[in-house]
Amino acid sequence: MEPGNHARDMRNNPADAEAALWRVLSARKVGGVRFNRQVRIKPSPYICDLVARTPRLVVEIDGGSHALQVDEDATRTRYLESKGYRVIRFWNSDVLGNLEGVVAEIERVLAALPSPNPSRKREGDKKNLPSRLREGSGEGLPERDEGQ
């Protein structure tokens, strides 16, 4: 199955723990951060459960099979970290049994991440302003009486 089709299938048929966490994280409900589900971090073959692209946070929700693939998960985490992402993992049972604690940890990690660069200054910010608003031009100010 193609990676895009596989990701779409996983979005359409999420595990219970992923669906529960998604209900809390969707629509920028946590820290005003946008998360996406089942995102492929290109050029890798890895599809991540939940990704906040701007702060570069990956949230993985692991089921019981992950207990047997510790090495694969470590390799995956190293790769994602080499691409600038912070990866945090939770067990399905943690998400389903302690959703508030999981969300609190995600909020804590988000708060600890460096802020993204502010948006670049728009070209011509000052030069396109009407002359009366240009800084230091003196235009648009009330006439001053020379005798003052």
# chains A, B, ... in the order shown; residues from 1 in each chain; ligands from 1
>>> residues_around(residues="stretch 86-98 of chain A", least_positions_apart="4", cutoff="12 Å", atoms="only C-alpha atoms", output="PyMOL selection string")
chain A and resi 14-24+48-67+70+73-82+102-110+112-114
>>> write_last_selection(atoms="C-alpha atoms", output="CSV table (one decimal), in the first residue's frame")
chain,number,residue,atom,x,y,z
A,14,PRO,CA,-7.9,5.4,14.2
A,15,ALA,CA,-7.2,3.3,17.2
A,16,ASP,CA,-9.3,4.1,20.3
A,17,ALA,CA,-6.5,5.9,22.1
A,18,GLU,CA,-5.6,8.0,19.0
A,19,ALA,CA,-9.2,9.0,18.5
A,20,ALA,CA,-9.5,10.0,22.2
A,21,LEU,CA,-6.4,12.1,22.1
A,22,TRP,CA,-7.3,13.6,18.7
A,23,ARG,CA,-10.6,14.9,20.2
A,24,VAL,CA,-8.6,16.8,22.7
A,48,CYS,CA,3.5,9.7,12.7
A,49,ASP,CA,0.4,9.5,14.8
A,50,LEU,CA,0.1,13.3,15.6
A,51,VAL,CA,2.3,16.1,14.4
A,52,ALA,CA,2.4,19.8,15.3
A,53,ARG,CA,4.5,21.1,12.4
A,54,THR,CA,5.3,24.6,13.6
A,55,PRO,CA,6.7,23.7,17.0
A,56,ARG,CA,8.0,20.4,15.4
A,57,LEU,CA,6.5,18.0,17.9
A,58,VAL,CA,5.6,14.4,17.2
A,59,VAL,CA,3.2,12.6,19.5
A,60,GLU,CA,3.3,8.8,19.1
A,61,ILE,CA,0.7,6.5,20.7
A,62,ASP,CA,2.0,3.0,21.1
A,63,GLY,CA,0.1,-0.2,21.5
A,64,GLY,CA,1.3,-3.4,22.9
A,65,SER,CA,3.2,-4.4,19.8
A,66,HIS,CA,5.6,-1.6,20.4
A,67,ALA,CA,7.0,-3.4,23.4
A,70,VAL,CA,12.0,-1.1,20.9
A,73,ASP,CA,11.1,2.8,17.6
A,74,ALA,CA,14.5,4.1,18.8
A,75,THR,CA,15.7,4.3,15.2
A,76,ARG,CA,12.5,6.1,14.2
A,77,THR,CA,12.9,8.6,17.0
A,78,ARG,CA,16.5,9.3,16.2
A,79,TYR,CA,15.6,9.9,12.5
A,80,LEU,CA,12.7,12.3,13.4
A,81,GLU,CA,15.0,14.1,15.9
A,82,SER,CA,17.6,14.5,13.2
A,102,VAL,CA,-1.2,12.9,28.8
A,103,VAL,CA,-2.6,16.3,27.7
A,104,ALA,CA,-0.8,18.1,30.6
A,105,GLU,CA,2.5,16.5,29.5
A,106,ILE,CA,1.9,17.6,25.9
A,107,GLU,CA,1.2,21.1,27.1
A,108,ARG,CA,4.4,21.0,29.3
A,109,VAL,CA,6.5,19.9,26.3
A,110,LEU,CA,5.0,22.5,24.0
A,112,ALA,CA,9.4,24.0,26.8
A,113,LEU,CA,10.0,24.0,23.1
A,114,PRO,CA,11.6,27.1,21.6
